[in-house]
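Below is one structure; the comments refer to it alone.
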Amino acid sequence: MSRTILTYGLISGAVIIGGIIITVLIGGGAPHSNVWLGYLIMLVGLSSILLAIKQHRDKVLGGVIKFWPAFLIGLGVAVVAALAYVLIWEVYLALTHYSFMEQYVAATLAQKKAAGLSGEAYAKLAADLEAMKRSYANPLYRLPMTFAEIFPVGLLVALVSAALLRNPRFLPAKA
């Protein structure tokens, strides 16, 4: 089971990382320019959770699995994928000299200013973003925050996959 978790977790992480690299390259080096696209990439990559549970159910357990064992496999895949995501994000930050937050804050302030935000509201936003930038510089803040970007998606996919695959008639094993 641990081999299945590791294999499918790394596959999931590779798909997500590949998708994000492609969007960064297409977007001109600006990660997270489209949050919905990022979460869609995560969802596609985390679909390996369904495949991992199905493979374990069909090949190891003879086509039948209970909810909790299925959920634990899915959870394991989600953790491995999330750790791969965090690791690659840290590599990306290091390669770009940790300039992400500087760029993010500048782009957010420019966007809000263009939208007409000014005065005290703009000053408060700028102060809040500056505080966030200082917090993000601390790895003890940044690492769990990055993990929390992806893990809830994996948790949801694990729950849905376990609920679906506990029914042996859902995607039955080929005879």
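Ordered as shown in the structure tokens, chains take letters A, B, and onward, while each chain numbers its residues from 1 and ligands are numbered from 1 in the order shown.
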
Which residues of region 87-163 of chain A sit at most 12 Å from region 57-67 of chain A, using only C-alpha atoms? Give each one's shortest atom pair and distance in Å (one decimal place), in chain and ascending residue order, as CSV.
residue,atom,partner,partner_atom,distance
A:Ala158,CA,A:Phe67,CA,10.2
A:Leu159,CA,A:Phe67,CA,8.7
A:Val160,CA,A:Phe67,CA,10.0
A:Ser161,CA,A:Phe67,CA,9.2
A:Ala162,CA,A:Phe67,CA,5.4
A:Ala163,CA,A:Phe67,CA,6.1

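All residues of protein, DNA or RNA that reach within 8 Å of Ile150 (chain A), judged by only C-alpha atoms and not counting those fewer than 5 positions away in the chain, are A:Met42, A:Ala82, A:Tyr85.
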
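Taking only C-alpha atoms, the non-local environment of His56 (chain A) within 12 Å (same-chain residues fewer than 5 positions away omitted) comprises Met1, Ser2, Arg3, Thr4, Ile5, Thr7, Tyr8, Ile49, Leu50, Leu51, Leu61, Gly62, Gly63, Val64, Ile65, Lys66, Pro69, Ala70, Phe71, Leu72, Ile73, Gly74, Ala162, Leu165, Arg166 and Ala173 of chain A.
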
- Message: If we count only C-alpha atoms and set the cut-off at 12 Å, which residues sit around Gly18 (chain A), ignoring sequence neighbours fewer than 2 positions away in its own chain? Please answer as an MDAnalysis selection string.
- Response: chainID A and resid 10:16 20:25 38 41:42 44:45 84:85 88:89

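Taking CA of Leu164 (chain A) and CA of Leu46 (chain A) as endpoints, the distance between them is 15.3 Å.
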
- Figure out the distance between CA of Lys112 (chain A) and CA of Glu90 (chain A), please, to one decimal in Å. 27.8 Å

- Name the residues in contact with Leu83 (chain A) at a cut-off of 7 Å, using only C-alpha atoms, excluding same-chain residues fewer than 4 positions from it; report them as an NGL selection string. :A and (79 or 87 or 147)

- Task: To one decimal in Å, tell me the separation between CA of Met132 (chain A) and CA of Val105 (chain A).
- Result: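 Between CA of Met132 (chain A) and CA of Val105 (chain A) the gap works out to 9.0 Å.
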
- For Gly9 (chain A), work out the shell of residues within 6 Å, counting only C-alpha atoms and skipping chain neighbours fewer than 6 positions away, then give it as a PyMOL selection string. chain A and resi 77+80-81

Expected file contents, prior selection, C-alpha atoms, as a JSON list (two decimals), in the first residue's frame:
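Output saved as part.json:
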[["chain", "number", "residue", "atom", "x", "y", "z"],
["A", 77, "VAL", "CA", -1.46, 10.27, -1.92],
["A", 80, "VAL", "CA", 2.82, 13.06, -0.83],
["A", 81, "ALA", "CA", 1.52, 15.31, -3.62]]

- Query: Which residue gives the smallest distance to Ala107 (chain A) among A:Leu129, A:Val91, A:Ala121, A:Ile26, with only C-alpha atoms counted?
  - Reply: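 Smallest separation from Ala107 (chain A) among the options: A:Leu129.
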
With the cut-off set at 10 Å and counting only C-alpha atoms, tabulate each residue of region 114-169 of chain A with an atom at most that distance from an atom of region 96-104 of chain A, showing the nearest atom pair and its distance in Å to one decimal, ordered by chain and increasing number, as JSON lines.
{"residue": "A:Leu129", "atom": "CA", "partner": "A:Met101", "partner_atom": "CA", "distance": 9.1}
{"residue": "A:Glu130", "atom": "CA", "partner": "A:Glu102", "partner_atom": "CA", "distance": 9.0}
{"residue": "A:Met132", "atom": "CA", "partner": "A:Met101", "partner_atom": "CA", "distance": 8.6}
{"residue": "A:Lys133", "atom": "CA", "partner": "A:Met101", "partner_atom": "CA", "distance": 5.9}
{"residue": "A:Arg134", "atom": "CA", "partner": "A:Met101", "partner_atom": "CA", "distance": 9.1}
{"residue": "A:Tyr136", "atom": "CA", "partner": "A:Met101", "partner_atom": "CA", "distance": 7.5}
{"residue": "A:Ala137", "atom": "CA", "partner": "A:Tyr98", "partner_atom": "CA", "distance": 8.2}

Could you write out the selected residues, including all heavy atoms, as a PDB file, in the first residue's frame?
ATOM      1  N   LEU A 129      -0.505  44.238   3.281  1.00  0.00           N
ATOM      2  CA  LEU A 129       0.315  43.457   2.356  1.00  0.00           C
ATOM      3  C   LEU A 129       1.781  43.436   2.789  1.00  0.00           C
ATOM      4  O   LEU A 129       2.470  42.420   2.638  1.00  0.00           O
ATOM      5  CB  LEU A 129       0.179  43.992   0.930  1.00  0.00           C
ATOM      6  CG  LEU A 129      -1.159  43.713   0.243  1.00  0.00           C
ATOM      7  CD1 LEU A 129      -1.238  44.439  -1.097  1.00  0.00           C
ATOM      8  CD2 LEU A 129      -1.391  42.224   0.063  1.00  0.00           C
ATOM      9  N   GLU A 130       2.252  44.529   3.330  1.00  0.00           N
ATOM     10  CA  GLU A 130       3.635  44.583   3.819  1.00  0.00           C
ATOM     11  C   GLU A 130       3.809  43.628   5.002  1.00  0.00           C
ATOM     12  O   GLU A 130       4.823  42.925   5.101  1.00  0.00           O
ATOM     13  CB  GLU A 130       3.999  46.015   4.222  1.00  0.00           C
ATOM     14  CG  GLU A 130       5.461  46.223   4.500  1.00  0.00           C
ATOM     15  CD  GLU A 130       6.367  45.902   3.316  1.00  0.00           C
ATOM     16  OE1 GLU A 130       6.007  46.179   2.171  1.00  0.00           O
ATOM     17  OE2 GLU A 130       7.462  45.345   3.561  1.00  0.00           O
ATOM     18  N   MET A 132       2.016  40.936   5.493  1.00  0.00           N
ATOM     19  CA  MET A 132       1.948  39.600   4.916  1.00  0.00           C
ATOM     20  C   MET A 132       3.293  39.227   4.280  1.00  0.00           C
ATOM     21  O   MET A 132       3.758  38.096   4.419  1.00  0.00           O
ATOM     22  CB  MET A 132       0.834  39.522   3.873  1.00  0.00           C
ATOM     23  CG  MET A 132       0.629  38.127   3.322  1.00  0.00           C
ATOM     24  SD  MET A 132      -0.798  38.000   2.236  1.00  0.00           S
ATOM     25  CE  MET A 132      -0.105  38.620   0.722  1.00  0.00           C
ATOM     26  N   LYS A 133       3.929  40.181   3.628  1.00  0.00           N
ATOM     27  CA  LYS A 133       5.226  39.935   3.002  1.00  0.00           C
ATOM     28  C   LYS A 133       6.278  39.574   4.051  1.00  0.00           C
ATOM     29  O   LYS A 133       7.076  38.658   3.854  1.00  0.00           O
ATOM     30  CB  LYS A 133       5.652  41.171   2.204  1.00  0.00           C
ATOM     31  CG  LYS A 133       6.917  40.965   1.402  1.00  0.00           C
ATOM     32  CD  LYS A 133       7.178  42.106   0.431  1.00  0.00           C
ATOM     33  CE  LYS A 133       7.570  43.358   1.145  1.00  0.00           C
ATOM     34  NZ  LYS A 133       8.004  44.435   0.247  1.00  0.00           N
ATOM     35  N   ARG A 134       6.249  40.262   5.188  1.00  0.00           N
ATOM     36  CA  ARG A 134       7.189  39.944   6.269  1.00  0.00           C
ATOM     37  C   ARG A 134       6.918  38.550   6.827  1.00  0.00           C
ATOM     38  O   ARG A 134       7.847  37.782   7.084  1.00  0.00           O
ATOM     39  CB  ARG A 134       7.107  40.991   7.385  1.00  0.00           C
ATOM     40  CG  ARG A 134       7.854  42.280   7.087  1.00  0.00           C
ATOM     41  CD  ARG A 134       7.987  43.172   8.303  1.00  0.00           C
ATOM     42  NE  ARG A 134       6.714  43.478   8.947  1.00  0.00           N
ATOM     43  CZ  ARG A 134       5.885  44.454   8.568  1.00  0.00           C
ATOM     44  NH1 ARG A 134       6.207  45.219   7.536  1.00  0.00           N
ATOM     45  NH2 ARG A 134       4.767  44.668   9.193  1.00  0.00           N
ATOM     46  N   TYR A 136       5.538  36.046   5.243  1.00  0.00           N
ATOM     47  CA  TYR A 136       5.849  35.060   4.204  1.00  0.00           C
ATOM     48  C   TYR A 136       7.346  34.794   4.105  1.00  0.00           C
ATOM     49  O   TYR A 136       7.768  33.726   3.658  1.00  0.00           O
ATOM     50  CB  TYR A 136       5.311  35.546   2.858  1.00  0.00           C
ATOM     51  CG  TYR A 136       5.166  34.461   1.826  1.00  0.00           C
ATOM     52  CD1 TYR A 136       4.104  33.562   1.883  1.00  0.00           C
ATOM     53  CD2 TYR A 136       6.090  34.325   0.792  1.00  0.00           C
ATOM     54  CE1 TYR A 136       3.968  32.565   0.936  1.00  0.00           C
ATOM     55  CE2 TYR A 136       5.950  33.329  -0.159  1.00  0.00           C
ATOM     56  CZ  TYR A 136       4.889  32.450  -0.079  1.00  0.00           C
ATOM     57  OH  TYR A 136       4.763  31.463  -1.015  1.00  0.00           O
ATOM     58  N   ALA A 137       8.159  35.714   4.547  1.00  0.00           N
ATOM     59  CA  ALA A 137       9.610  35.527   4.540  1.00  0.00           C
ATOM     60  C   ALA A 137      10.036  34.455   5.543  1.00  0.00           C
ATOM     61  O   ALA A 137      11.114  33.871   5.413  1.00  0.00           O
ATOM     62  CB  ALA A 137      10.315  36.846   4.829  1.00  0.00           C
TER      63      ALA A 137
END

- Query: Could you write out, as a ChimeraX atom specification, all the residues of chain A that DSSP marks as alpha helix (DSSP H)?
  - Reply: /A:2-26,35-46,48-55,67-95,100-114,119-136,139-165
